[in-house]
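Here is query.cif, consisting of mmCIF, C-alpha atoms and all ligand atoms:
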data_upload
#
loop_
_atom_site.label_atom_id
_atom_site.label_comp_id
_atom_site.auth_asym_id
_atom_site.auth_seq_id
_atom_site.Cartn_x
_atom_site.Cartn_y
_atom_site.Cartn_z
CA MET A 230 41.28 -34.76 -15.68
CA THR A 231 41.23 -32.80 -12.41
CA ARG A 232 38.85 -29.93 -12.09
CA PRO A 233 39.19 -27.00 -9.69
CA PRO A 234 37.13 -27.40 -6.52
CA TYR A 235 33.56 -26.14 -6.74
CA THR A 236 33.18 -23.03 -4.63
CA GLY A 237 29.70 -21.92 -5.61
CA ASP A 238 31.14 -18.74 -7.12
CA GLU A 239 30.63 -20.15 -10.62
CA ARG A 240 26.92 -19.38 -10.38
CA LEU A 241 27.63 -15.76 -9.54
CA GLN A 242 29.48 -15.27 -12.83
CA GLY A 243 26.58 -16.73 -14.77
CA LEU A 244 24.10 -14.58 -12.92
CA ASP A 245 25.86 -11.35 -13.70
CA VAL A 246 25.41 -11.99 -17.40
CA ASP A 247 21.86 -13.30 -17.13
CA PHE A 248 20.40 -10.54 -15.07
CA GLU A 249 22.62 -7.57 -15.82
CA LEU A 250 22.90 -6.59 -12.22
CA THR A 251 24.28 -3.14 -11.55
CA ASP A 252 27.70 -2.75 -9.93
CA GLU A 253 25.94 -1.76 -6.70
CA GLN A 254 23.75 -4.86 -6.74
CA ARG A 255 26.73 -7.11 -7.38
CA ALA A 256 28.70 -5.44 -4.59
CA LEU A 257 25.74 -5.83 -2.24
CA ARG A 258 25.44 -9.51 -3.07
CA THR A 259 29.14 -10.04 -2.38
CA THR A 260 28.93 -8.14 0.92
CA VAL A 261 25.92 -10.13 2.14
CA ARG A 262 27.47 -13.37 0.95
CA GLU A 263 30.66 -12.68 2.89
CA PHE A 264 28.64 -11.69 5.93
CA ALA A 265 26.55 -14.86 5.66
CA GLU A 266 29.65 -17.03 5.34
CA SER A 267 31.56 -15.42 8.20
CA GLU A 268 28.88 -14.28 10.68
CA VAL A 269 25.98 -16.67 10.12
CA ALA A 270 27.15 -20.00 8.67
CA PRO A 271 29.52 -20.89 11.55
CA HIS A 272 26.69 -20.50 14.10
CA ALA A 273 23.67 -21.71 12.14
CA ALA A 274 23.80 -25.30 13.41
CA ALA A 275 24.03 -24.24 17.08
CA TRP A 276 21.27 -21.63 16.76
CA ASP A 277 19.09 -24.28 15.13
CA ARG A 278 19.88 -26.90 17.76
CA ASP A 279 19.32 -24.56 20.73
CA GLY A 280 16.53 -22.42 19.26
CA THR A 281 18.65 -19.29 19.79
CA PHE A 282 17.35 -16.08 18.25
CA PRO A 283 20.34 -14.61 16.32
CA LEU A 284 20.15 -11.14 17.83
CA ASP A 285 23.76 -10.16 17.14
CA ALA A 286 23.60 -11.18 13.50
CA VAL A 287 20.36 -9.26 13.04
CA ARG A 288 21.88 -6.16 14.63
CA LYS A 289 24.95 -6.42 12.41
CA LEU A 290 22.74 -6.81 9.34
CA GLY A 291 21.01 -3.64 10.46
CA ALA A 292 24.34 -1.84 10.73
CA LEU A 293 25.23 -3.07 7.22
CA GLY A 294 22.04 -1.45 5.92
CA VAL A 295 20.36 -4.71 4.87
CA MET A 296 17.14 -4.02 6.78
CA GLY A 297 16.83 -0.68 4.99
CA LEU A 298 17.40 -1.88 1.44
CA PRO A 299 13.84 -1.36 0.13
CA PHE A 300 13.11 1.87 2.02
CA PRO A 301 13.83 5.49 1.05
CA GLU A 302 16.70 7.30 2.74
CA GLN A 303 14.30 9.79 4.35
CA TYR A 304 12.95 6.91 6.45
CA GLY A 305 16.31 5.47 7.46
CA GLY A 306 16.65 3.21 4.43
CA VAL A 307 19.07 2.76 1.58
CA GLY A 308 16.65 3.11 -1.34
CA ALA A 309 18.03 0.09 -3.18
CA GLY A 310 14.70 -1.60 -4.01
CA SER A 311 13.13 -5.04 -4.05
CA LEU A 312 15.64 -6.73 -6.34
CA ALA A 313 18.47 -5.71 -3.99
CA MET A 314 16.43 -7.08 -1.08
CA ALA A 315 15.88 -10.36 -2.96
CA LEU A 316 19.62 -10.69 -3.58
CA ALA A 317 20.35 -10.17 0.12
CA ILE A 318 17.67 -12.61 1.29
CA GLU A 319 18.88 -15.27 -1.14
CA GLU A 320 22.44 -15.01 0.17
CA LEU A 321 21.28 -15.27 3.79
CA ALA A 322 19.00 -18.23 3.07
CA ARG A 323 21.81 -20.01 1.26
CA VAL A 324 23.29 -20.57 4.73
CA ASP A 325 20.43 -20.00 7.22
CA SER A 326 16.70 -19.65 6.58
CA SER A 327 15.95 -18.45 10.12
CA VAL A 328 18.05 -15.31 9.73
CA ALA A 329 16.66 -14.79 6.24
CA ILE A 330 12.99 -14.97 7.34
CA THR A 331 13.66 -12.67 10.30
CA VAL A 332 14.93 -10.01 7.88
CA ALA A 333 12.32 -10.73 5.21
CA ALA A 334 9.33 -10.65 7.59
CA SER A 335 10.35 -7.40 9.27
CA THR A 336 11.00 -5.58 6.01
CA SER A 337 8.20 -6.91 3.82
CA LEU A 338 5.39 -7.57 6.33
CA ALA A 339 5.92 -4.65 8.73
CA GLY A 340 8.18 -2.02 7.14
CA TRP A 341 6.56 -2.04 3.71
CA PRO A 342 2.91 -1.56 4.86
CA LEU A 343 4.08 1.24 7.16
CA LEU A 344 5.80 2.92 4.22
CA GLN A 345 2.88 2.40 1.88
CA PHE A 346 -0.10 3.11 4.12
CA GLY A 347 1.26 4.81 7.25
CA THR A 348 1.01 8.46 8.22
CA GLU A 349 4.17 10.57 8.36
CA GLU A 350 4.13 10.29 12.14
CA GLN A 351 3.79 6.48 12.02
CA LYS A 352 6.68 6.25 9.55
CA GLN A 353 8.96 8.37 11.72
CA ARG A 354 8.06 6.46 14.85
CA TRP A 355 8.08 2.89 13.54
CA LEU A 356 9.50 2.61 10.03
CA VAL A 357 12.73 4.52 10.74
CA PRO A 358 13.95 2.13 13.49
CA LEU A 359 12.95 -0.89 11.37
CA ALA A 360 14.78 0.44 8.31
CA ARG A 361 17.86 1.19 10.40
CA GLY A 362 17.77 -2.36 11.73
CA GLU A 363 17.51 -1.19 15.33
CA ALA A 364 14.17 -2.95 15.78
CA LEU A 365 11.98 -5.65 14.23
CA GLY A 366 8.35 -5.59 13.18
CA ALA A 367 5.66 -8.25 12.72
CA PHE A 368 2.36 -8.66 10.89
CA ALA A 369 -0.34 -10.75 12.54
CA SER A 370 -3.10 -12.02 10.33
CA THR A 371 -3.31 -15.77 11.00
CA GLU A 372 -5.43 -17.09 13.87
CA PRO A 373 -6.03 -20.55 15.31
CA GLY A 374 -9.26 -20.72 13.29
CA ALA A 375 -8.37 -18.77 10.13
CA GLY A 376 -5.26 -18.57 7.94
CA SER A 377 -5.82 -18.62 4.20
CA ASP A 378 -9.33 -17.26 4.71
CA VAL A 379 -8.75 -13.80 6.20
CA GLN A 380 -12.49 -13.09 6.21
CA GLY A 381 -12.72 -15.74 8.93
CA ILE A 382 -10.69 -13.85 11.54
CA GLN A 383 -12.23 -13.45 14.99
CA THR A 384 -9.84 -10.95 16.57
CA SER A 385 -11.91 -7.82 17.05
CA ALA A 386 -11.17 -4.17 17.67
CA ARG A 387 -13.87 -2.06 19.33
CA ASP A 388 -13.93 1.65 18.52
CA GLU A 389 -14.17 3.59 21.78
CA GLY A 390 -13.90 7.05 20.27
CA ASP A 391 -10.25 7.81 20.92
CA ALA A 392 -8.99 4.22 21.15
CA TRP A 393 -9.28 0.72 19.72
CA VAL A 394 -9.79 -2.08 22.21
CA ILE A 395 -8.48 -5.35 20.77
CA ASP A 396 -9.49 -8.87 21.86
CA GLY A 397 -8.49 -12.18 20.29
CA THR A 398 -5.70 -14.57 19.46
CA LYS A 399 -3.22 -14.65 16.57
CA ALA A 400 -1.28 -17.80 15.68
CA TYR A 401 2.20 -18.55 14.28
CA ILE A 402 3.40 -14.95 14.21
CA THR A 403 7.01 -14.18 13.22
CA ASN A 404 9.12 -11.52 15.00
CA ALA A 405 6.59 -10.36 17.63
CA GLY A 406 8.48 -11.60 20.70
CA THR A 407 12.18 -10.88 20.14
CA PRO A 408 14.13 -8.56 22.46
CA ILE A 409 14.01 -5.90 19.72
CA SER A 410 10.42 -6.38 18.53
CA LEU A 411 8.97 -2.87 18.30
CA LEU A 412 5.49 -3.37 16.90
CA THR A 413 2.99 -5.79 15.44
CA ILE A 414 0.49 -4.82 12.77
CA VAL A 415 -2.64 -6.65 13.84
CA MET A 416 -5.44 -7.49 11.45
CA CYS A 417 -8.73 -6.94 13.25
CA ALA A 418 -12.43 -7.26 12.49
CA THR A 419 -13.82 -3.78 13.18
CA GLY A 420 -17.41 -4.17 12.01
CA THR A 421 -19.59 -5.28 9.13
CA ARG A 422 -19.56 -3.70 5.69
CA PRO A 423 -22.76 -2.75 3.80
CA ASP A 424 -22.33 -5.90 1.62
CA GLY A 425 -22.40 -8.08 4.75
CA ARG A 426 -18.69 -8.93 4.64
CA ARG A 427 -16.42 -8.24 7.58
CA GLU A 428 -14.84 -4.83 7.85
CA ILE A 429 -11.15 -5.53 8.40
CA THR A 430 -8.70 -2.93 9.68
CA ASN A 431 -4.98 -3.14 10.37
CA ILE A 432 -3.92 -1.62 13.67
CA VAL A 433 -0.37 -1.03 14.92
CA VAL A 434 0.20 -2.42 18.41
CA PRO A 435 3.54 -1.43 20.00
CA SER A 436 5.34 -4.13 21.99
CA GLY A 437 4.71 -3.75 25.71
CA THR A 438 1.17 -2.41 25.31
CA LEU A 439 -0.99 -3.55 28.22
CA GLY A 440 -3.14 -6.51 27.20
CA PHE A 441 -0.83 -7.55 24.32
CA MET A 442 0.80 -10.81 25.33
CA PRO A 443 3.18 -12.74 23.10
CA GLN A 444 3.21 -16.34 24.35
CA ALA A 445 6.17 -18.73 24.64
CA PRO A 446 7.83 -19.62 21.33
CA TYR A 447 6.34 -22.60 19.50
CA ARG A 448 8.29 -25.85 19.10
CA LYS A 449 8.60 -26.02 15.33
CA MET A 450 9.80 -28.50 12.72
CA GLY A 451 12.22 -25.94 11.30
CA TRP A 452 13.11 -22.23 11.37
CA HIS A 453 14.27 -22.96 14.93
CA ALA A 454 16.16 -19.67 15.27
CA SER A 455 13.26 -17.57 14.01
CA ASP A 456 10.83 -16.17 16.59
CA THR A 457 7.30 -17.59 16.14
CA ARG A 458 4.61 -17.12 18.77
CA GLU A 459 0.93 -17.09 19.52
CA LEU A 460 -0.22 -13.60 20.48
CA THR A 461 -3.12 -12.93 22.78
CA PHE A 462 -4.96 -9.64 23.07
CA ASN A 463 -7.07 -9.00 26.12
CA GLU A 464 -8.75 -5.58 26.32
CA CYS A 465 -5.65 -4.24 24.60
CA ARG A 466 -6.10 -0.49 24.15
CA VAL A 467 -4.23 1.54 21.53
CA PRO A 468 -4.97 5.05 20.23
CA LEU A 469 -7.21 5.37 17.18
CA ALA A 470 -4.21 7.11 15.58
CA ASN A 471 -2.58 3.65 15.38
CA THR A 472 -4.95 2.70 12.55
CA LEU A 473 -2.86 1.85 9.50
CA GLY A 474 -4.28 3.75 6.55
CA GLU A 475 -8.04 3.75 6.17
CA ARG A 476 -10.42 1.91 8.43
CA GLY A 477 -11.78 -1.08 6.48
CA ALA A 478 -8.79 -1.28 4.12
CA GLY A 479 -7.11 -4.10 6.05
CA ALA A 480 -7.69 -6.99 3.66
CA ARG A 481 -6.70 -4.92 0.62
CA GLN A 482 -3.54 -3.74 2.37
CA PHE A 483 -2.72 -7.31 3.35
CA LEU A 484 -3.00 -8.59 -0.23
CA ALA A 485 -0.71 -5.80 -1.47
CA THR A 486 1.73 -6.56 1.35
CA LEU A 487 1.77 -10.24 0.41
CA ASP A 488 2.94 -9.42 -3.13
CA GLY A 489 6.22 -8.18 -1.64
CA GLY A 490 6.29 -10.91 0.98
CA ARG A 491 6.03 -13.53 -1.74
CA VAL A 492 8.97 -12.08 -3.65
CA GLY A 493 10.91 -12.34 -0.37
CA VAL A 494 9.87 -15.94 0.33
CA GLY A 495 10.64 -16.75 -3.31
CA ALA A 496 14.17 -15.37 -2.83
CA LEU A 497 14.48 -17.28 0.43
CA SER A 498 13.45 -20.47 -1.37
CA VAL A 499 16.00 -19.90 -4.14
CA GLY A 500 18.68 -19.35 -1.50
CA LEU A 501 17.78 -22.55 0.33
CA ALA A 502 17.76 -24.51 -2.95
CA GLN A 503 21.11 -23.01 -3.96
CA GLY A 504 22.57 -23.89 -0.58
CA CYS A 505 21.40 -27.50 -1.03
CA LEU A 506 22.91 -27.54 -4.50
CA ASP A 507 26.26 -26.09 -3.39
CA HIS A 508 26.58 -28.63 -0.58
CA SER A 509 25.54 -31.47 -2.90
CA VAL A 510 27.96 -30.60 -5.70
CA ALA A 511 30.86 -30.30 -3.24
CA TRP A 512 29.90 -33.58 -1.58
CA ALA A 513 29.40 -35.46 -4.85
CA ARG A 514 32.84 -34.44 -6.06
CA GLN A 515 34.67 -35.67 -2.99
CA ARG A 516 32.60 -38.70 -1.92
CA THR A 517 33.78 -41.87 -3.62
CA ALA A 518 31.87 -45.10 -4.17
CA PHE A 519 33.02 -48.08 -6.19
CA GLY A 520 36.37 -46.36 -6.74
CA ARG A 521 35.06 -43.10 -8.23
CA PRO A 522 33.61 -39.82 -7.01
CA ILE A 523 29.83 -40.22 -7.03
CA ALA A 524 29.60 -37.06 -9.19
CA THR A 525 31.02 -39.12 -12.07
CA TYR A 526 27.87 -41.28 -12.11
CA GLN A 527 25.27 -39.81 -14.40
CA ALA A 528 22.53 -40.77 -11.94
CA ILE A 529 24.01 -38.19 -9.56
CA ALA A 530 25.33 -35.60 -12.02
CA PHE A 531 22.03 -35.39 -13.93
CA GLN A 532 20.06 -34.83 -10.74
CA LEU A 533 22.34 -31.93 -9.90
CA ALA A 534 22.22 -30.57 -13.45
CA ASP A 535 18.41 -30.65 -13.38
CA LEU A 536 18.42 -28.92 -10.02
CA GLN A 537 20.72 -26.18 -11.31
CA VAL A 538 18.36 -25.53 -14.23
CA GLN A 539 15.38 -25.30 -11.90
CA VAL A 540 17.21 -22.99 -9.50
CA ASP A 541 18.11 -20.73 -12.44
CA ALA A 542 14.46 -20.73 -13.52
CA ALA A 543 13.22 -19.98 -9.99
CA ARG A 544 15.71 -17.15 -9.64
CA ALA A 545 14.57 -15.70 -12.96
CA LEU A 546 10.95 -15.73 -11.74
CA VAL A 547 11.89 -14.08 -8.43
CA HIS A 548 14.04 -11.42 -10.07
CA GLY A 549 11.37 -10.79 -12.70
CA ALA A 550 8.73 -10.17 -10.02
CA ALA A 551 11.17 -7.97 -8.05
CA ARG A 552 11.95 -5.91 -11.15
CA LEU A 553 8.24 -5.37 -11.83
CA ARG A 554 7.81 -4.30 -8.22
CA ASP A 555 10.72 -1.88 -8.48
CA ALA A 556 9.20 -0.47 -11.69
CA GLY A 557 5.89 0.10 -9.90
CA LYS A 558 4.08 -2.31 -12.22
CA PRO A 559 1.45 -4.90 -11.22
CA HIS A 560 3.12 -8.13 -10.10
CA THR A 561 0.55 -10.12 -8.11
CA ARG A 562 0.60 -13.08 -10.52
CA GLU A 563 4.37 -12.94 -10.98
CA ALA A 564 5.04 -12.81 -7.23
CA ALA A 565 2.67 -15.73 -6.65
CA ALA A 566 4.29 -17.72 -9.47
CA ALA A 567 7.79 -17.02 -8.18
CA LYS A 568 6.90 -18.08 -4.65
CA LEU A 569 4.98 -21.18 -5.81
CA PHE A 570 7.72 -22.43 -8.13
CA ALA A 571 10.66 -21.56 -5.88
CA SER A 572 9.14 -22.96 -2.67
CA GLU A 573 8.16 -26.26 -4.23
CA LEU A 574 11.67 -26.43 -5.69
CA ALA A 575 13.22 -25.75 -2.27
CA VAL A 576 11.46 -28.81 -0.85
CA GLN A 577 12.64 -30.90 -3.77
CA ALA A 578 16.20 -29.53 -3.52
CA ALA A 579 16.42 -30.46 0.16
CA ASN A 580 15.18 -33.95 -0.68
CA THR A 581 17.73 -34.35 -3.48
CA ALA A 582 20.52 -33.03 -1.23
CA MET A 583 19.70 -35.62 1.39
CA GLN A 584 19.66 -38.42 -1.19
CA VAL A 585 23.01 -37.33 -2.69
CA HIS A 586 24.59 -37.12 0.78
CA GLY A 587 23.46 -40.65 1.67
CA GLY A 588 23.60 -41.56 5.38
CA TYR A 589 25.63 -38.48 6.27
CA GLY A 590 22.82 -36.31 4.97
CA TYR A 591 20.55 -37.78 7.64
CA MET A 592 22.94 -36.81 10.43
CA GLU A 593 22.47 -33.58 12.34
CA ASP A 594 26.27 -33.08 12.06
CA SER A 595 25.62 -32.19 8.43
CA PRO A 596 23.66 -29.08 7.44
CA ILE A 597 21.27 -31.07 5.26
CA PRO A 598 18.65 -31.98 7.92
CA ARG A 599 18.36 -28.28 8.79
CA PHE A 600 17.76 -27.37 5.14
CA TYR A 601 15.28 -30.25 4.88
CA ARG A 602 13.33 -29.11 7.98
CA ASP A 603 13.48 -25.44 6.97
CA ALA A 604 12.19 -26.04 3.44
CA LYS A 605 8.62 -27.22 4.02
CA ILE A 606 7.23 -24.04 5.60
CA LEU A 607 8.08 -22.21 2.37
CA THR A 608 5.11 -23.89 0.64
CA ILE A 609 2.79 -22.85 3.49
CA GLY A 610 3.58 -19.35 4.83
CA GLU A 611 2.47 -16.18 3.01
CA GLY A 612 0.07 -18.15 0.83
CA THR A 613 0.01 -21.93 0.58
CA SER A 614 0.78 -23.49 -2.78
CA GLU A 615 -2.95 -24.09 -3.24
CA ILE A 616 -3.83 -20.46 -2.55
CA LEU A 617 -1.07 -19.29 -4.92
CA ARG A 618 -2.51 -21.49 -7.67
CA LEU A 619 -5.89 -19.85 -7.01
CA VAL A 620 -4.30 -16.39 -7.33
CA ILE A 621 -2.58 -17.34 -10.59
CA ALA A 622 -5.63 -19.06 -12.06
CA ARG A 623 -7.86 -16.07 -11.25
CA ARG A 624 -5.36 -13.70 -12.88
CA MET A 625 -5.65 -15.95 -15.94
CA GLY A 626 -9.37 -15.22 -16.00
CA LEU A 627 -10.41 -18.62 -14.66
CA GLU A 628 -13.36 -18.63 -12.28
CA VAL A 629 -12.09 -20.80 -9.45
C1 LIG A 701 6.74 -20.78 11.04
C2 LIG A 701 5.53 -19.99 10.63
C3 LIG A 701 5.60 -18.60 10.61
C4 LIG A 701 4.45 -17.85 10.27
N1 LIG A 701 4.50 -16.47 10.34
C5 LIG A 701 3.34 -15.78 10.19
C6 LIG A 701 3.31 -14.35 10.42
O1 LIG A 701 4.34 -13.71 10.69
N2 LIG A 701 2.11 -13.71 10.30
C7 LIG A 701 0.95 -14.37 9.98
O2 LIG A 701 -0.09 -13.74 9.92
N3 LIG A 701 0.95 -15.71 9.75
C8 LIG A 701 2.12 -16.42 9.85
N4 LIG A 701 2.12 -17.78 9.64
C9 LIG A 701 0.88 -18.45 9.27
C10 LIG A 701 0.81 -18.87 7.81
O3 LIG A 701 0.79 -17.73 6.97
C11 LIG A 701 -0.42 -19.76 7.64
O4 LIG A 701 -0.13 -20.98 8.30
C12 LIG A 701 -0.79 -20.01 6.20
O5 LIG A 701 -1.26 -18.83 5.60
C13 LIG A 701 -1.87 -21.09 6.04
O6 LIG A 701 -2.94 -20.85 6.88
P1 LIG A 701 -3.48 -22.03 7.84
O7 LIG A 701 -2.32 -22.55 8.59
O8 LIG A 701 -4.62 -21.51 8.62
O9 LIG A 701 -3.96 -23.14 6.86
P2 LIG A 701 -5.43 -23.26 6.22
O10 LIG A 701 -5.83 -21.98 5.61
O11 LIG A 701 -6.33 -23.87 7.23
O12 LIG A 701 -5.15 -24.33 5.08
C14 LIG A 701 -5.07 -25.75 5.33
C15 LIG A 701 -4.96 -26.43 3.98
O13 LIG A 701 -6.14 -26.16 3.21
C16 LIG A 701 -5.78 -25.60 1.97
N5 LIG A 701 -6.79 -24.64 1.54
C17 LIG A 701 -7.34 -23.63 2.25
N6 LIG A 701 -8.22 -22.95 1.51
C18 LIG A 701 -8.23 -23.54 0.29
C19 LIG A 701 -8.94 -23.29 -0.93
N7 LIG A 701 -9.79 -22.28 -1.05
N8 LIG A 701 -8.68 -24.10 -1.99
C20 LIG A 701 -7.78 -25.11 -1.87
N9 LIG A 701 -7.10 -25.40 -0.76
C21 LIG A 701 -7.31 -24.61 0.32
C22 LIG A 701 -4.44 -24.93 2.21
O14 LIG A 701 -3.70 -24.76 1.02
C23 LIG A 701 -3.79 -25.92 3.14
O15 LIG A 701 -3.23 -26.98 2.40
C24 LIG A 701 3.26 -18.53 9.92
C25 LIG A 701 3.22 -19.91 9.90
C26 LIG A 701 4.33 -20.66 10.27
C27 LIG A 701 4.22 -22.16 10.31
#
Would you write out, as structure tokens, the structure that this file holds?
Amino acid sequence: MTRPPYTGDERLQGLDVDFELTDEQRALRTTVREFAESEVAPHAAAWDRDGTFPLDAVRKLGALGVMGLPFPEQYGGVGAGSLAMALAIEELARVDSSVAITVAASTSLAGWPLLQFGTEEQKQRWLVPLARGEALGAFASTEPGAGSDVQGIQTSARDEGDAWVIDGTKAYITNAGTPISLLTIVMCATGTRPDGRREITNIVVPSGTLGFMPQAPYRKMGWHASDTRELTFNECRVPLANTLGERGAGARQFLATLDGGRVGVGALSVGLAQGCLDHSVAWARQRTAFGRPIATYQAIAFQLADLQVQVDAARALVHGAARLRDAGKPHTREAAAAKLFASELAVQAANTAMQVHGGYGYMEDSPIPRFYRDAKILTIGEGTSEILRLVIARRMGLEV
């Protein structure tokens, strides 16, 4: 019996039923999918190989309205919500994680805290260009000496009456050094609280501010086309009016920001896993061994069937967390669970894809090594798997 070639569209039909997406959400997914196939996929290997930041693609995504999906129209956005954003990020990550994280980091780590905690003036100045996709934003929390433990940060901001003066170093920061990077929200220690803990405040530092120096891009294992840099601050002076929300609310703001970030990384992980699955199914149907397509061996077909079930489950977790977020309901545990499950699955999916592709999967001519290298960071950034388990366990009432 001959079957029609697998195109990957089969999963879209199933999804429509499972998640009852609106017509607008389905149309958005199709638009982003077509964009990803035509404007991103053909270049992804070269961008990865050369470490090229995909400026044109990012600008075009801005023009399509993708960078404004979660933001209200009054701030240059589209007002489509977190689920719409998750759909877009998944479709981008299905072909290229670097483009997907560029979009996800700017919207969830910079745009969202500006929307949630910023003054009207800050929103007009910084959120509007981000939402329109004319510029990118970054959030800098991690330092060489402190990542998971934000209380351990050393970057300080001194209050000089009308200005903050920032000194310190941030590590592994996404989107702070691109040609269209507009601002970085910098997490700073601004004093000591009455309970002896650090007072942490988030401060907006525009690109080009004297004393703010993004360093050369890191050489990374994956995400080669995404901009990641160390940032140094040396007597960097910004107006006190650049404080994001209340002084001392930095850690709380960061945790709230991470809820959205984790939905985004969850969607990115589902997209990467789906991309691995699509490539693997297509390969297994056309690659023959011992006179038959390898897909006709249960050892192969069952691996792919199991992967499909896990991708469906991961997508359900991501969409569930996004729907809670859109409904304005608490979703810290759900976002952590979605990111934990989906990111661990992404690593496994890339491993399975390489195994199913055999020797070809190890060649840089195939897309599989890129997926394999891009997958691992998903279990580390925006909360490592261990930290996510802590978040989930604590929400279950366990004292860990
Ligand atoms: C490509 C890339 C892009 C990034 N982009 C950004 C960005 O835009 N902005 C930003 O601020 N950061 C960014 N990061 C940093 C990232 O968020 C951190 O690397 C991550 O949060 C982990 O922090 P760490 O590297 O300091 O690891 P650590 O916190 O030192 O953790 C090391 C290990 O110890 C484990 N561990 C730590 N504490 C505990 C505990 N209590 N219980 C059990 N295990 C524990 C961790 O799970 C991990 O396995 C990026 C990183 C990379 C690689």
Report task. Compile the contact shell of A:Gly366 as a PyMOL selection string: residues with an atom at most 6 Å away, counting all atoms listed in the file, same-chain residues fewer than 3 positions apart removed. Result -> chain A and resi 335+339+410-413
Per-residue nearest contacts chain A to ligand LIG 701 (chain A), cut-off 9 Å, using only C-alpha atoms and all ligand atoms, as a tab-separated table:
residue	atom	partner	partner_atom	distance
A:Ile330	CA	A:LIG701	C3	8.9
A:Ala334	CA	A:LIG701	O1	6.6
A:Ser335	CA	A:LIG701	O1	8.8
A:Leu338	CA	A:LIG701	O1	7.6
A:Ala367	CA	A:LIG701	O1	6.0
A:Phe368	CA	A:LIG701	N2	5.1
A:Ala369	CA	A:LIG701	O2	4.0
A:Ser370	CA	A:LIG701	O2	3.5
A:Thr371	CA	A:LIG701	O2	4.0
A:Glu372	CA	A:LIG701	O8	6.9
A:Pro373	CA	A:LIG701	O8	6.9
A:Gly374	CA	A:LIG701	O8	6.6
A:Ala375	CA	A:LIG701	O8	4.9
A:Gly376	CA	A:LIG701	O8	3.1
A:Ser377	CA	A:LIG701	O10	3.6
A:Asp378	CA	A:LIG701	O10	5.9
A:Val379	CA	A:LIG701	O10	8.7
A:Lys399	CA	A:LIG701	O2	7.4
A:Ala400	CA	A:LIG701	N3	6.7
A:Tyr401	CA	A:LIG701	C24	4.5
A:Ile402	CA	A:LIG701	C6	3.8
A:Thr403	CA	A:LIG701	O1	3.7
A:Asn404	CA	A:LIG701	O1	6.8
A:Ala405	CA	A:LIG701	O1	8.0
A:Val415	CA	A:LIG701	O2	8.5
A:Met416	CA	A:LIG701	O2	8.4
A:Tyr447	CA	A:LIG701	C1	8.7
A:Lys449	CA	A:LIG701	C1	7.0
A:Met450	CA	A:LIG701	C1	8.5
A:Gly451	CA	A:LIG701	C1	7.5
A:Trp452	CA	A:LIG701	C1	6.5
A:His453	CA	A:LIG701	C1	8.8
A:Ser455	CA	A:LIG701	C1	7.9
A:Asp456	CA	A:LIG701	C1	8.3
A:Thr457	CA	A:LIG701	C3	5.9
A:Arg458	CA	A:LIG701	C3	8.4
A:Ile606	CA	A:LIG701	C27	5.9
A:Leu607	CA	A:LIG701	C27	8.8
A:Thr608	CA	A:LIG701	O14	8.9
A:Ile609	CA	A:LIG701	C12	5.3
A:Gly610	CA	A:LIG701	O3	3.9
A:Glu611	CA	A:LIG701	O3	4.6
A:Gly612	CA	A:LIG701	O5	5.0
A:Thr613	CA	A:LIG701	O14	4.7
A:Ser614	CA	A:LIG701	O14	6.0
A:Glu615	CA	A:LIG701	O14	4.4
A:Ile616	CA	A:LIG701	O14	5.6
A:Leu617	CA	A:LIG701	O14	8.5
A:Arg618	CA	A:LIG701	C20	8.6
A:Leu619	CA	A:LIG701	N8	7.1
A:Val629	CA	A:LIG701	N7	8.8
Within 9 Å of stretch 252-274 of chain A, which residues of stretch 580-605 of chain A show up? Give each one with its shortest atom-to-atom distance in Å (one decimal) and the two atoms involved, counting only C-alpha atoms, rows by chain then rising residue number, as CSV.
residue,atom,partner,partner_atom,distance
A:Glu593,CA,A:Ala274,CA,8.5
A:Asp594,CA,A:Ala274,CA,8.3
A:Ser595,CA,A:Ala274,CA,8.7
A:Pro596,CA,A:Ala274,CA,7.1
A:Arg599,CA,A:Ala274,CA,7.7
Could those selected residues go to a file with C-alpha atoms, as a compact mmCIF listing (two decimals), in the coordinates of the input?
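Output contents, as saved in again-v5.txt:
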# COMPACT_ATOMS: atom_id res chain seq x y z
CA GLU A 593 22.47 -33.58 12.34
CA ASP A 594 26.27 -33.08 12.06
CA SER A 595 25.62 -32.19 8.43
CA PRO A 596 23.66 -29.08 7.44
CA ARG A 599 18.36 -28.28 8.79
**Report entry** Atomic separation - atom CA of A:Ala502 relative to atom CA of A:Leu312, Å
**Finding:**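 For atom CA of A:Leu312 relative to atom CA of A:Ala502, the distance reads 18.2 Å.
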Report task. Between atom CA of A:Ile395 and atom CA of A:Cys417, measure the distance and give it in Å to one decimal. Result -> 7.7 Å
Query raised in the report: From the list A:Ala564, A:Tyr601, A:Gly425, A:Thr281, which residue is nearest A:Leu484 when using all atoms listed in the file?
Result: A:Ala564
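When only C-alpha atoms are used to compute distances to A:Asp535, the closest of the residues A:Ala578, A:Leu343, A:Ile432, A:Ser327 turns out to be A:Ala578.
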Report, as JSON, the centre and edge lengths in Å (one decimal) of the axis-aligned box enclosing every listed atom of stretch 535-547 of chain A, padded by 4 Å on each side.
{"center_x": 15.8, "center_y": -22.4, "center_z": -11.3, "size_x": 17.8, "size_y": 24.6, "size_z": 13.8}
**Report entry** Contacts of A:Leu469 within 7 Å, all atoms listed in the file, excl. fewer than 5 positions in-chain, as JSON, numbers by chain
**Finding:** {"A": [391, 392, 393]}
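Comparing the minimum interatomic distances between A:Ala275 and each of A:Met442, A:Ala496, A:Ala333, A:Asp325, counting all atoms listed in the file, we find that A:Asp325 sits nearest.
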